[in-house]
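K.L.:
To be precise about what I am sending: the file is called final10.txt and holds compact mmCIF, C-alpha atoms.
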# COMPACT_ATOMS: atom_id res chain seq x y z
CA MET A 1 -12.96 -190.32 120.32
CA ARG A 2 -11.27 -191.67 123.43
CA LYS A 3 -10.49 -195.28 124.18
CA CYS A 4 -9.27 -196.84 127.37
CA LYS A 5 -7.01 -199.83 126.83
CA PHE A 6 -4.03 -201.36 128.54
CA PHE A 7 -1.09 -203.10 126.89
CA ILE A 8 2.09 -204.76 128.08
CA ASN A 9 2.83 -206.04 124.59
CA PHE A 10 4.14 -203.22 122.35
CA ASP A 11 3.73 -205.29 119.19
CA LYS A 12 0.01 -205.78 119.89
CA GLU A 13 -0.38 -202.10 120.80
CA GLU A 14 1.25 -201.03 117.53
CA GLN A 15 -0.98 -203.44 115.61
CA TRP A 16 -4.10 -202.07 117.30
CA LEU A 17 -3.17 -198.45 116.51
CA ASN A 18 -2.48 -199.36 112.87
CA ASP A 19 -5.82 -201.21 112.67
CA MET A 20 -7.62 -198.17 114.13
CA ALA A 21 -6.03 -196.01 111.40
CA LYS A 22 -7.35 -198.41 108.75
CA GLN A 23 -10.84 -197.92 110.22
CA GLY A 24 -10.51 -194.14 109.99
CA HIS A 25 -9.41 -193.31 113.53
CA ARG A 26 -6.25 -191.28 113.52
CA PHE A 27 -4.27 -191.66 116.74
CA ILE A 28 -3.32 -188.19 117.98
CA ASN A 29 -2.42 -188.44 121.64
CA LYS A 30 -2.15 -190.64 124.68
CA SER A 31 -2.61 -189.39 128.20
CA SER A 32 -4.53 -191.78 130.40
CA ASN A 33 -6.62 -192.73 127.36
CA TYR A 34 -5.90 -193.07 123.68
CA GLU A 35 -7.25 -190.10 121.70
CA PHE A 36 -8.37 -190.48 118.11
CA GLN A 37 -9.55 -188.08 115.44
CA PRO A 38 -11.84 -189.01 112.56
CA ALA A 39 -9.80 -189.30 109.36
CA LYS A 40 -9.71 -191.03 106.00
CA PRO A 41 -9.02 -194.75 106.48
CA GLU A 42 -5.36 -195.21 105.62
CA ASN A 43 -2.37 -197.44 106.13
CA ARG A 44 -0.15 -195.93 108.75
CA LEU A 45 2.86 -197.29 110.49
CA ILE A 46 3.11 -196.52 114.18
CA LYS A 47 5.98 -197.81 116.32
CA ILE A 48 6.51 -197.57 120.05
CA ASP A 49 9.69 -197.10 122.04
CA PHE A 50 9.86 -197.02 125.83
CA ARG A 51 12.11 -194.42 127.43
CA THR A 52 12.01 -191.77 130.13
CA PHE A 53 14.34 -188.78 130.21
CA LYS A 54 15.97 -186.85 133.01
CA LYS A 55 16.46 -183.63 131.09
CA GLN A 56 14.30 -181.83 128.57
CA ALA A 57 17.38 -181.44 126.34
CA ASP A 58 17.82 -185.25 126.21
CA PHE A 59 14.16 -185.64 125.21
CA GLU A 60 14.53 -183.01 122.47
CA ASP A 61 17.69 -184.67 121.14
CA TYR A 62 15.90 -188.03 121.09
CA ARG A 63 12.94 -186.66 119.16
CA ALA A 64 15.22 -184.81 116.73
CA LEU A 65 17.05 -188.05 115.91
CA PHE A 66 13.79 -189.84 115.13
CA GLU A 67 12.50 -186.93 113.05
CA ASP A 68 15.75 -186.84 111.06
CA SER A 69 15.27 -190.56 110.42
CA GLY A 70 11.73 -190.13 109.10
CA TRP A 71 9.73 -190.85 112.27
CA LYS A 72 7.36 -188.19 113.59
CA HIS A 73 6.87 -188.19 117.36
CA ILE A 74 3.10 -188.19 117.89
CA ALA A 75 2.63 -188.92 121.58
CA GLY A 76 4.58 -189.30 124.79
CA THR A 77 6.19 -186.93 127.26
CA LYS A 78 9.56 -186.71 128.96
CA LYS A 79 8.39 -188.95 131.81
CA SER A 80 5.58 -190.96 130.18
CA GLY A 81 7.72 -193.90 129.10
CA SER A 82 5.88 -194.99 125.97
CA GLN A 83 6.94 -192.89 122.96
CA TYR A 84 4.80 -193.16 119.82
CA PHE A 85 6.28 -192.57 116.39
CA GLU A 86 4.72 -192.51 112.96
CA LYS A 87 6.60 -193.18 109.78
CA ILE A 88 6.60 -190.12 107.51
CA ASP A 89 9.45 -190.94 105.13
CA GLU A 90 8.50 -193.47 102.44
CA HIS A 91 12.10 -194.46 101.84
CA GLY A 92 13.04 -194.78 105.51
CA ASN A 93 13.37 -197.90 107.65
CA GLU A 94 10.31 -200.05 108.29
CA ASP A 95 11.05 -200.12 112.00
CA ILE A 96 12.60 -197.90 114.66
CA PHE A 97 14.86 -200.81 115.63
CA SER A 98 17.32 -202.60 113.40
CA ASP A 99 18.39 -205.41 115.72
CA ALA A 100 16.81 -207.81 118.21
CA ASP A 101 18.69 -206.47 121.23
CA SER A 102 17.33 -202.95 120.93
CA LYS A 103 13.84 -204.16 119.96
CA ALA A 104 13.82 -206.25 123.13
CA GLY A 105 15.43 -203.50 125.20
CA ARG A 106 12.19 -201.52 125.38
CA TYR A 107 10.57 -204.46 127.21
CA GLN A 108 13.50 -204.58 129.60
CA ARG A 109 12.98 -200.90 130.47
CA LEU A 110 9.22 -201.40 130.79
CA SER A 111 9.74 -204.37 133.10
CA LYS A 112 12.16 -202.39 135.23
CA MET A 113 9.62 -199.58 135.60
CA TRP A 114 6.85 -201.90 136.87
CA LEU A 115 9.18 -203.73 139.24
CA THR A 116 10.54 -200.43 140.60
CA LEU A 117 6.97 -199.24 141.25
CA ALA A 118 6.13 -202.49 143.02
CA VAL A 119 9.21 -202.28 145.23
CA PHE A 120 8.49 -198.60 145.91
CA TYR A 121 5.00 -199.46 147.27
CA ILE A 122 6.27 -202.12 149.68
CA PRO A 123 7.60 -199.73 152.40
CA ILE A 124 4.28 -197.85 152.31
CA LEU A 125 2.39 -201.09 152.91
CA VAL A 126 4.78 -202.12 155.68
CA VAL A 127 4.22 -198.82 157.52
CA LEU A 128 0.44 -199.18 157.17
CA ILE A 129 0.59 -202.71 158.61
CA LEU A 130 2.99 -201.83 161.44
CA THR A 131 0.79 -198.93 162.52
CA ASN A 132 -2.22 -201.29 162.41
CA THR A 133 -3.89 -199.05 159.86
CA VAL A 134 -4.56 -201.96 157.54
CA ASP A 135 -4.69 -205.72 158.00
CA PRO A 136 -3.98 -207.57 154.73
CA THR A 137 -5.00 -210.94 156.24
CA ALA A 138 -8.53 -209.65 155.63
CA LEU A 139 -7.86 -210.63 152.01
CA LEU A 140 -8.27 -214.23 153.18
CA ASN A 141 -10.76 -213.49 155.91
CA PRO A 142 -13.08 -210.63 154.88
CA LYS A 143 -14.93 -210.85 158.23
CA LEU A 144 -12.05 -208.82 159.70
CA LEU A 145 -13.27 -205.85 157.69
CA TYR A 146 -16.36 -205.56 159.94
CA PHE A 147 -15.76 -203.62 163.13
CA THR A 148 -19.20 -203.95 164.83
CA PRO A 149 -18.53 -205.76 168.15
CA GLY A 150 -20.13 -209.21 168.33
CA LEU A 151 -21.58 -208.90 164.83
CA TRP A 152 -20.89 -212.51 163.86
CA GLU A 153 -22.63 -213.92 166.96
CA ARG A 154 -25.88 -212.17 166.14
CA THR A 155 -28.68 -213.96 164.27
CA GLY A 156 -31.80 -213.26 162.20
CA ALA A 157 -33.02 -209.75 161.40
CA TYR A 158 -30.78 -208.27 164.11
CA PHE A 159 -27.72 -209.69 162.32
CA TRP A 160 -28.85 -208.62 158.84
CA ARG A 161 -29.65 -205.08 159.93
CA SER A 162 -26.22 -204.57 161.51
CA PHE A 163 -24.49 -206.39 158.64
CA LEU A 164 -26.13 -204.34 155.89
CA PHE A 165 -25.63 -201.12 157.82
CA GLU A 166 -21.88 -201.63 157.99
CA THR A 167 -21.39 -203.07 154.50
CA PRO A 168 -21.08 -199.73 152.63
CA PHE A 169 -18.38 -198.68 155.10
CA VAL A 170 -16.69 -202.01 154.59
CA PHE A 171 -16.41 -201.34 150.85
CA PHE A 172 -14.45 -198.15 151.49
CA ARG A 173 -12.35 -199.79 154.19
CA GLY A 174 -11.67 -202.77 151.95
CA PHE A 175 -10.69 -200.56 149.06
CA PHE A 176 -8.17 -198.76 151.25
CA TRP A 177 -6.85 -201.92 152.91
CA PHE A 178 -6.42 -203.85 149.69
CA PHE A 179 -5.24 -201.00 147.47
CA PHE A 180 -1.53 -201.36 148.22
CA PRO A 181 -1.35 -205.19 148.37
CA VAL A 182 -3.30 -205.45 145.09
CA MET A 183 -1.18 -202.79 143.38
CA ILE A 184 2.05 -204.46 144.48
CA ILE A 185 0.87 -207.83 143.16
CA LEU A 186 -0.32 -206.28 139.88
CA TYR A 187 2.90 -204.31 139.33
CA PHE A 188 4.99 -207.42 139.94
CA ALA A 189 2.80 -209.33 137.50
CA PHE A 190 3.21 -206.60 134.82
CA GLY A 191 6.96 -206.53 135.45
CA ILE A 192 7.24 -210.29 135.04
CA LYS A 193 5.05 -210.27 131.94
CA ALA A 194 7.15 -207.52 130.33
CA ASN A 195 10.28 -209.49 131.13
CA MET A 196 8.77 -212.52 129.38
CA HIS A 197 8.24 -210.38 126.26
CA TYR A 198 11.86 -209.26 126.60
CA GLN A 199 13.13 -212.84 126.59
CA LYS A 200 10.81 -213.80 123.73
CA THR A 201 11.86 -210.87 121.54
CA LEU A 202 15.53 -211.72 122.07
CA GLU A 203 14.93 -215.29 120.92
CA LYS A 204 12.74 -214.40 117.96
CA LEU A 205 15.31 -212.70 115.74
CA MET B 206 47.10 -212.13 128.38
CA SER B 207 43.84 -210.63 129.46
CA ARG B 208 41.94 -208.99 126.68
CA ASP B 209 40.08 -205.68 126.83
CA LYS B 210 36.57 -206.57 128.06
CA ASN B 211 34.95 -204.57 125.25
CA LEU B 212 36.52 -206.76 122.59
CA PRO B 213 35.59 -207.97 120.08
CA LEU B 214 33.45 -205.00 119.03
CA THR B 215 30.27 -205.69 117.12
CA GLU B 216 30.20 -204.55 113.53
CA THR B 217 27.79 -201.74 114.43
CA VAL B 218 29.82 -200.45 117.36
CA PHE B 219 33.01 -200.60 115.31
CA TYR B 220 31.50 -198.40 112.60
CA ILE B 221 29.97 -195.97 115.12
CA LEU B 222 33.38 -195.47 116.75
CA LEU B 223 34.99 -195.06 113.36
CA ALA B 224 32.32 -192.53 112.35
CA LEU B 225 32.95 -190.55 115.54
CA MET B 226 36.62 -189.87 114.78
CA GLU B 227 34.96 -186.60 113.78
CA PRO B 228 32.17 -185.07 115.90
CA ALA B 229 28.67 -185.93 114.69
CA HIS B 230 25.05 -185.92 115.90
CA GLY B 231 22.76 -188.94 115.89
CA TYR B 232 21.42 -188.93 112.35
CA LEU B 233 24.81 -188.03 110.90
CA ILE B 234 26.22 -191.12 112.68
CA ILE B 235 23.55 -193.29 111.01
CA GLN B 236 24.50 -191.88 107.60
CA LYS B 237 28.23 -192.22 108.17
CA VAL B 238 27.87 -195.81 109.39
CA GLU B 239 25.90 -196.69 106.27
CA GLU B 240 28.52 -195.07 104.07
CA LEU B 241 31.53 -196.60 105.86
CA SER B 242 29.98 -200.06 105.71
CA GLY B 243 29.26 -199.77 102.01
CA GLY B 244 25.51 -199.81 102.67
CA GLN B 245 25.72 -203.01 104.73
CA VAL B 246 24.81 -201.52 108.10
CA ARG B 247 21.62 -199.47 108.13
CA MET B 248 20.82 -198.51 111.71
CA ALA B 249 17.33 -197.48 112.78
CA ALA B 250 16.86 -194.49 115.10
CA GLY B 251 15.89 -196.43 118.22
CA THR B 252 18.83 -198.77 117.87
CA LEU B 253 21.33 -195.95 117.32
CA TYR B 254 20.01 -194.04 120.31
CA GLY B 255 20.52 -197.02 122.62
CA ALA B 256 23.96 -197.77 121.16
CA VAL B 257 25.15 -194.18 121.67
CA GLU B 258 23.80 -194.15 125.24
CA ASN B 259 25.69 -197.36 125.95
CA LEU B 260 28.96 -196.13 124.42
CA VAL B 261 28.78 -192.96 126.52
CA LYS B 262 28.33 -195.14 129.60
CA LEU B 263 31.41 -197.17 128.60
CA LYS B 264 33.28 -193.84 128.10
CA LEU B 265 34.22 -194.81 124.53
CA ILE B 266 32.52 -191.68 123.22
CA GLN B 267 31.53 -188.39 124.87
CA PRO B 268 29.17 -185.49 124.16
CA VAL B 269 30.77 -182.26 122.98
CA LYS B 270 29.45 -178.71 122.69
CA SER B 271 27.33 -178.25 119.61
CA GLU B 272 25.92 -175.29 117.73
CA ASP B 273 22.69 -177.16 117.12
CA SER B 274 20.52 -176.47 120.14
CA ARG B 275 18.37 -179.60 119.65
CA ARG B 276 20.86 -182.25 118.58
CA LYS B 277 23.62 -183.56 120.79
CA VAL B 278 27.00 -184.01 119.17
CA TYR B 279 29.39 -186.82 120.14
CA VAL B 280 33.03 -187.60 119.52
CA ILE B 281 35.26 -190.60 120.24
CA THR B 282 37.38 -190.54 123.45
CA GLU B 283 41.03 -191.57 123.92
CA LYS B 284 39.76 -194.83 125.38
CA GLY B 285 37.56 -195.25 122.31
CA ILE B 286 40.46 -194.78 119.93
CA GLU B 287 42.54 -197.25 121.93
CA THR B 288 39.69 -199.80 121.78
CA LEU B 289 39.40 -199.31 118.02
CA ARG B 290 43.15 -199.88 117.64
CA LEU B 291 43.01 -203.08 119.70
CA ASP B 292 40.11 -204.44 117.68
CA PHE B 293 41.87 -203.45 114.47
CA ALA B 294 44.95 -205.43 115.58
CA ARG B 295 42.70 -208.37 116.49
CA MET B 296 41.14 -208.37 113.02
CA ASN B 297 44.52 -207.94 111.35
CA HIS B 298 45.72 -211.04 113.13
CA MET B 299 42.64 -212.93 111.94
CA ILE B 300 43.27 -211.82 108.38
CA GLU B 301 46.93 -212.92 108.48
CA VAL B 302 46.31 -216.39 109.87
CA THR B 303 43.36 -216.84 107.50
CA LYS B 304 45.55 -215.90 104.54
CA LYS B 305 48.13 -218.50 105.57
CA ILE B 306 45.61 -221.28 105.97
CA LEU B 307 42.99 -220.45 103.37
CA GLY B 308 45.47 -218.99 100.86
For the structure just supplied, provide its representation as structure tokens.
P.N.:
Amino acid sequence: MRKCKFFINFDKEEQWLNDMAKQGHRFINKSSNYEFQPAKPENRLIKIDFRTFKKQADFEDYRALFEDSGWKHIAGTKKSGSQYFEKIDEHGNEDIFSDADSKAGRYQRLSKMWLTLAVFYIPILVVLILTNTVDPTALLNPKLLYFTPGLWERTGAYFWRSFLFETPFVFFRGFFWFFFPVMIILYFAFGIKANMHYQKTLEKL
Amino acid sequence: MSRDKNLPLTETVFYILLALMEPAHGYLIIQKVEELSGGQVRMAAGTLYGAVENLVKLKLIQPVKSEDSRRKVYVITEKGIETLRLDFARMNHMIEVTKKILG
């Protein structure tokens, strides 16, 4: 079974994966979606860290450390960021973090990733605007998305025919025009949200 | 007198540096820290990983060649030993004045 879900809050994501395990869905992988296998309903403890690695050797060393400590790496790649671990040693720690700083640190890294992405998209948008390829003011005035000359002066059936004819094209144009502005706004929002979780986790413990 | 900016060390960092007077890989550090602290400091994997990364950045510890192909091995640097000494002296001072006042 595959499920599409999006989290900024690691604690909620961990809770959801543990709840799924209780309902007999064993979490086995995460690519763009979460992948589950049918299994006996059981109590499992899944914890998430957020890290990317420059070298494969660093990633291997990281996974080895967790395995030695009783945490099996179940999902995540060198560059994926989110790293999923499942507790396999009954006598081991109940968490992959033992202090508030490091537990919060994963949110700091997540926030940095979203903000970096947002900043990275800005030059692309600037070039598209400067070359007149897109006009983001159309976000406030969608009429700008219609290119038919004199369209808005027309009336009656003549207007509706031209309007409806161009509308499908406008959807594509709009998608392209708004893609970068919307992504930049979303990424900033995710980055700010993750930073709020960072602050909150620091205060909690 | 200006003090070393890394001082005072946290309890965890102090024990990690002490543990790395001999080369060790990640999990071995966790075990040594627990032993040295008399079971008081039990570090989890994610916390240790971040702490080691940070200490490498501060040049207090450094990676060394290891026979284990998967696990990286670290050892304390000269700067690390010096920092340990300074913090040791700081704590010694605290102990002496405390003895005088508290008895």
K.L.:
Mind listing whatever residues come within 8 Å of the point (-1.0, -207.5, 131.4)? Use only C-alpha atoms, file coordinates, and give them as an mmCIF file with C-alpha atoms, in the coordinates of the input.
P.N.:
data_model
loop_
_atom_site.group_PDB
_atom_site.id
_atom_site.type_symbol
_atom_site.label_atom_id
_atom_site.label_comp_id
_atom_site.auth_asym_id
_atom_site.auth_seq_id
_atom_site.Cartn_x
_atom_site.Cartn_y
_atom_site.Cartn_z
ATOM 1 C CA PHE A 6 -4.030 -201.360 128.540
ATOM 2 C CA PHE A 7 -1.090 -203.100 126.890
ATOM 3 C CA ILE A 8 2.090 -204.760 128.080
ATOM 4 C CA ASN A 9 2.830 -206.040 124.590
ATOM 5 C CA ALA A 189 2.800 -209.330 137.500
ATOM 6 C CA PHE A 190 3.210 -206.600 134.820
ATOM 7 C CA LYS A 193 5.050 -210.270 131.940
#
K.L.:
Return as a Markdown table the residues of segment 15-124 of chain A lying at most 10 Å from segment 237-260 of chain B, together with the closest atom-to-atom pair for each and the distance in Å to one decimal, counting all atoms listed in the file, with rows in chain order and ascending residue number.
P.N.:
| residue | atom | partner | partner_atom | distance |
| --- | --- | --- | --- | --- |
| A:Ile48 | CA | B:Gly251 | CA | 9.6 |
| A:Asp49 | CA | B:Gly251 | CA | 7.3 |
| A:Phe50 | CA | B:Gly251 | CA | 9.7 |
| A:Asp61 | CA | B:Tyr254 | CA | 9.7 |
| A:Tyr62 | CA | B:Tyr254 | CA | 7.3 |
| A:Arg63 | CA | B:Ala250 | CA | 9.7 |
| A:Ala64 | CA | B:Ala250 | CA | 10.0 |
| A:Leu65 | CA | B:Ala250 | CA | 6.5 |
| A:Phe66 | CA | B:Ala250 | CA | 5.6 |
| A:Glu67 | CA | B:Ala250 | CA | 9.0 |
| A:Asp68 | CA | B:Ala250 | CA | 8.7 |
| A:Ser69 | CA | B:Ala250 | CA | 6.3 |
| A:Gly70 | CA | B:Ala250 | CA | 9.0 |
| A:Trp71 | CA | B:Ala250 | CA | 8.5 |
| A:Gly92 | CA | B:Ala249 | CA | 8.9 |
| A:Asn93 | CA | B:Ala249 | CA | 6.5 |
| A:Glu94 | CA | B:Ala249 | CA | 8.7 |
| A:Asp95 | CA | B:Ala249 | CA | 6.9 |
| A:Ile96 | CA | B:Gly251 | CA | 5.1 |
| A:Phe97 | CA | B:Thr252 | CA | 5.0 |
| A:Ser98 | CA | B:Ala249 | CA | 5.2 |
| A:Asp99 | CA | B:Thr252 | CA | 7.0 |
| A:Ala100 | CA | B:Thr252 | CA | 9.3 |
| A:Asp101 | CA | B:Thr252 | CA | 8.4 |
| A:Ser102 | CA | B:Thr252 | CA | 5.4 |
| A:Lys103 | CA | B:Thr252 | CA | 7.6 |
| A:Gly105 | CA | B:Gly255 | CA | 8.6 |
| A:Arg106 | CA | B:Gly251 | CA | 9.5 |
K.L.:
Grab the residues selected above and save them as a CSV table (one decimal), keeping the file's coordinate frame with C-alpha atoms.
P.N.:
chain,number,residue,atom,x,y,z
A,48,ILE,CA,6.5,-197.6,120.0
A,49,ASP,CA,9.7,-197.1,122.0
A,50,PHE,CA,9.9,-197.0,125.8
A,61,ASP,CA,17.7,-184.7,121.1
A,62,TYR,CA,15.9,-188.0,121.1
A,63,ARG,CA,12.9,-186.7,119.2
A,64,ALA,CA,15.2,-184.8,116.7
A,65,LEU,CA,17.0,-188.0,115.9
A,66,PHE,CA,13.8,-189.8,115.1
A,67,GLU,CA,12.5,-186.9,113.0
A,68,ASP,CA,15.8,-186.8,111.1
A,69,SER,CA,15.3,-190.6,110.4
A,70,GLY,CA,11.7,-190.1,109.1
A,71,TRP,CA,9.7,-190.8,112.3
A,92,GLY,CA,13.0,-194.8,105.5
A,93,ASN,CA,13.4,-197.9,107.6
A,94,GLU,CA,10.3,-200.0,108.3
A,95,ASP,CA,11.0,-200.1,112.0
A,96,ILE,CA,12.6,-197.9,114.7
A,97,PHE,CA,14.9,-200.8,115.6
A,98,SER,CA,17.3,-202.6,113.4
A,99,ASP,CA,18.4,-205.4,115.7
A,100,ALA,CA,16.8,-207.8,118.2
A,101,ASP,CA,18.7,-206.5,121.2
A,102,SER,CA,17.3,-203.0,120.9
A,103,LYS,CA,13.8,-204.2,120.0
A,105,GLY,CA,15.4,-203.5,125.2
A,106,ARG,CA,12.2,-201.5,125.4
K.L.:
I need the residue nearest chain A from this list: B:Ile266, B:Ile234, B:Met299, B:Leu307. Use only C-alpha atoms for the distance.
P.N.:
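Using only C-alpha atoms, chain A sits closest to B:Ile234.
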K.L.:
Between atom CA of Met226 of chain B and atom CA of Thr282 of chain B, what is the distance, to one decimal in Å?
P.N.:
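It comes out at 8.7 Å.
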K.L.:
Record the distance separating atom CA of Lys72 of chain A and atom CA of Phe85 of chain A, expressed in Å with one decimal.
P.N.:
5.3 Å
K.L.:
How many Å lie between atom CA of Phe180 of chain A and atom CA of His197 of chain A, rounded to one decimal?
P.N.:
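About the pair atom CA of Phe180 of chain A and atom CA of His197 of chain A: they are 25.7 Å apart.
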K.L.:
Nearest to chain A among B:Val218, B:Leu265, B:Val278, B:Ala224, with distances taken over all atoms listed in the file: which residue is it?
P.N.:
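So, comparing all the options, the nearest one is B:Val278.
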K.L.:
Point out the residue among B:Ile221, B:Leu289, B:Leu233, B:Leu212 with the least atom-to-atom distance to chain A, counting all atoms listed in the file.
P.N.:
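Of B:Ile221, B:Leu289, B:Leu233, B:Leu212, the one nearest chain A is B:Leu233, counting all atoms listed in the file.
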K.L.:
Kindly compute an axis-aligned box around the listed atoms of segment 105-121 of chain A, allowing 6 Å on each side, and express its centre and edge lengths in Å to one decimal as lines of an AutoDock Vina configuration file.
P.N.:
center_x = 10.2
center_y = -201.6
center_z = 136.2
size_x = 22.4
size_y = 18.0
size_z = 34.1
K.L.:
Using the incomplete input, complete segment 51-73 of chain A to the level of N, CA and C atoms; output as a PDB file, in the frame of the given file.
P.N.:
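Result written to rebuild_14.pdb:
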ATOM      1  N   ARG A  51      10.993-195.128 126.796  1.00  0.00           N
ATOM      2  CA  ARG A  51      12.110-194.420 127.430  1.00  0.00           C
ATOM      3  C   ARG A  51      11.593-193.255 128.255  1.00  0.00           C
ATOM      4  N   THR A  52      12.266-193.007 129.384  1.00  0.00           N
ATOM      5  CA  THR A  52      12.010-191.770 130.130  1.00  0.00           C
ATOM      6  C   THR A  52      13.308-190.962 130.108  1.00  0.00           C
ATOM      7  N   PHE A  53      13.178-189.663 130.325  1.00  0.00           N
ATOM      8  CA  PHE A  53      14.340-188.780 130.210  1.00  0.00           C
ATOM      9  C   PHE A  53      14.469-187.904 131.434  1.00  0.00           C
ATOM     10  N   LYS A  54      15.721-187.700 131.846  1.00  0.00           N
ATOM     11  CA  LYS A  54      15.970-186.850 133.010  1.00  0.00           C
ATOM     12  C   LYS A  54      15.847-185.384 132.632  1.00  0.00           C
ATOM     13  N   LYS A  55      16.442-185.049 131.483  1.00  0.00           N
ATOM     14  CA  LYS A  55      16.460-183.630 131.090  1.00  0.00           C
ATOM     15  C   LYS A  55      15.637-183.400 129.835  1.00  0.00           C
ATOM     16  N   GLN A  56      15.064-182.214 129.759  1.00  0.00           N
ATOM     17  CA  GLN A  56      14.300-181.830 128.570  1.00  0.00           C
ATOM     18  C   GLN A  56      15.189-181.884 127.327  1.00  0.00           C
ATOM     19  N   ALA A  57      16.453-181.470 127.480  1.00  0.00           N
ATOM     20  CA  ALA A  57      17.380-181.440 126.340  1.00  0.00           C
ATOM     21  C   ALA A  57      17.591-182.848 125.776  1.00  0.00           C
ATOM     22  N   ASP A  58      17.646-183.867 126.659  1.00  0.00           N
ATOM     23  CA  ASP A  58      17.820-185.250 126.210  1.00  0.00           C
ATOM     24  C   ASP A  58      16.594-185.687 125.394  1.00  0.00           C
ATOM     25  N   PHE A  59      15.413-185.290 125.876  1.00  0.00           N
ATOM     26  CA  PHE A  59      14.160-185.640 125.210  1.00  0.00           C
ATOM     27  C   PHE A  59      14.105-184.991 123.821  1.00  0.00           C
ATOM     28  N   GLU A  60      14.528-183.720 123.746  1.00  0.00           N
ATOM     29  CA  GLU A  60      14.530-183.010 122.470  1.00  0.00           C
ATOM     30  C   GLU A  60      15.498-183.664 121.481  1.00  0.00           C
ATOM     31  N   ASP A  61      16.677-184.022 121.964  1.00  0.00           N
ATOM     32  CA  ASP A  61      17.690-184.670 121.140  1.00  0.00           C
ATOM     33  C   ASP A  61      17.171-185.996 120.583  1.00  0.00           C
ATOM     34  N   TYR A  62      16.493-186.734 121.457  1.00  0.00           N
ATOM     35  CA  TYR A  62      15.900-188.030 121.090  1.00  0.00           C
ATOM     36  C   TYR A  62      14.869-187.854 119.975  1.00  0.00           C
ATOM     37  N   ARG A  63      13.975-186.884 120.165  1.00  0.00           N
ATOM     38  CA  ARG A  63      12.940-186.660 119.160  1.00  0.00           C
ATOM     39  C   ARG A  63      13.524-186.167 117.844  1.00  0.00           C
ATOM     40  N   ALA A  64      14.570-185.325 117.942  1.00  0.00           N
ATOM     41  CA  ALA A  64      15.220-184.810 116.730  1.00  0.00           C
ATOM     42  C   ALA A  64      15.811-185.954 115.916  1.00  0.00           C
ATOM     43  N   LEU A  65      16.449-186.903 116.603  1.00  0.00           N
ATOM     44  CA  LEU A  65      17.050-188.050 115.910  1.00  0.00           C
ATOM     45  C   LEU A  65      15.994-188.847 115.144  1.00  0.00           C
ATOM     46  N   PHE A  66      14.855-189.088 115.795  1.00  0.00           N
ATOM     47  CA  PHE A  66      13.790-189.840 115.130  1.00  0.00           C
ATOM     48  C   PHE A  66      13.217-189.066 113.950  1.00  0.00           C
ATOM     49  N   GLU A  67      13.027-187.756 114.135  1.00  0.00           N
ATOM     50  CA  GLU A  67      12.500-186.930 113.050  1.00  0.00           C
ATOM     51  C   GLU A  67      13.441-186.951 111.859  1.00  0.00           C
ATOM     52  N   ASP A  68      14.749-186.800 112.133  1.00  0.00           N
ATOM     53  CA  ASP A  68      15.750-186.840 111.060  1.00  0.00           C
ATOM     54  C   ASP A  68      15.668-188.150 110.304  1.00  0.00           C
ATOM     55  N   SER A  69      15.313-189.234 111.028  1.00  0.00           N
ATOM     56  CA  SER A  69      15.270-190.560 110.420  1.00  0.00           C
ATOM     57  C   SER A  69      13.922-190.884 109.784  1.00  0.00           C
ATOM     58  N   GLY A  70      13.011-189.913 109.777  1.00  0.00           N
ATOM     59  CA  GLY A  70      11.730-190.130 109.100  1.00  0.00           C
ATOM     60  C   GLY A  70      10.622-190.638 110.002  1.00  0.00           C
ATOM     61  N   TRP A  71      10.757-190.422 111.338  1.00  0.00           N
ATOM     62  CA  TRP A  71       9.730-190.850 112.270  1.00  0.00           C
ATOM     63  C   TRP A  71       9.229-189.650 113.071  1.00  0.00           C
ATOM     64  N   LYS A  72       7.935-189.332 112.885  1.00  0.00           N
ATOM     65  CA  LYS A  72       7.360-188.190 113.590  1.00  0.00           C
ATOM     66  C   LYS A  72       6.895-188.637 114.970  1.00  0.00           C
ATOM     67  N   HIS A  73       7.289-187.887 115.984  1.00  0.00           N
ATOM     68  CA  HIS A  73       6.870-188.190 117.360  1.00  0.00           C
ATOM     69  C   HIS A  73       5.436-187.712 117.524  1.00  0.00           C
TER      70      HIS A  73
END
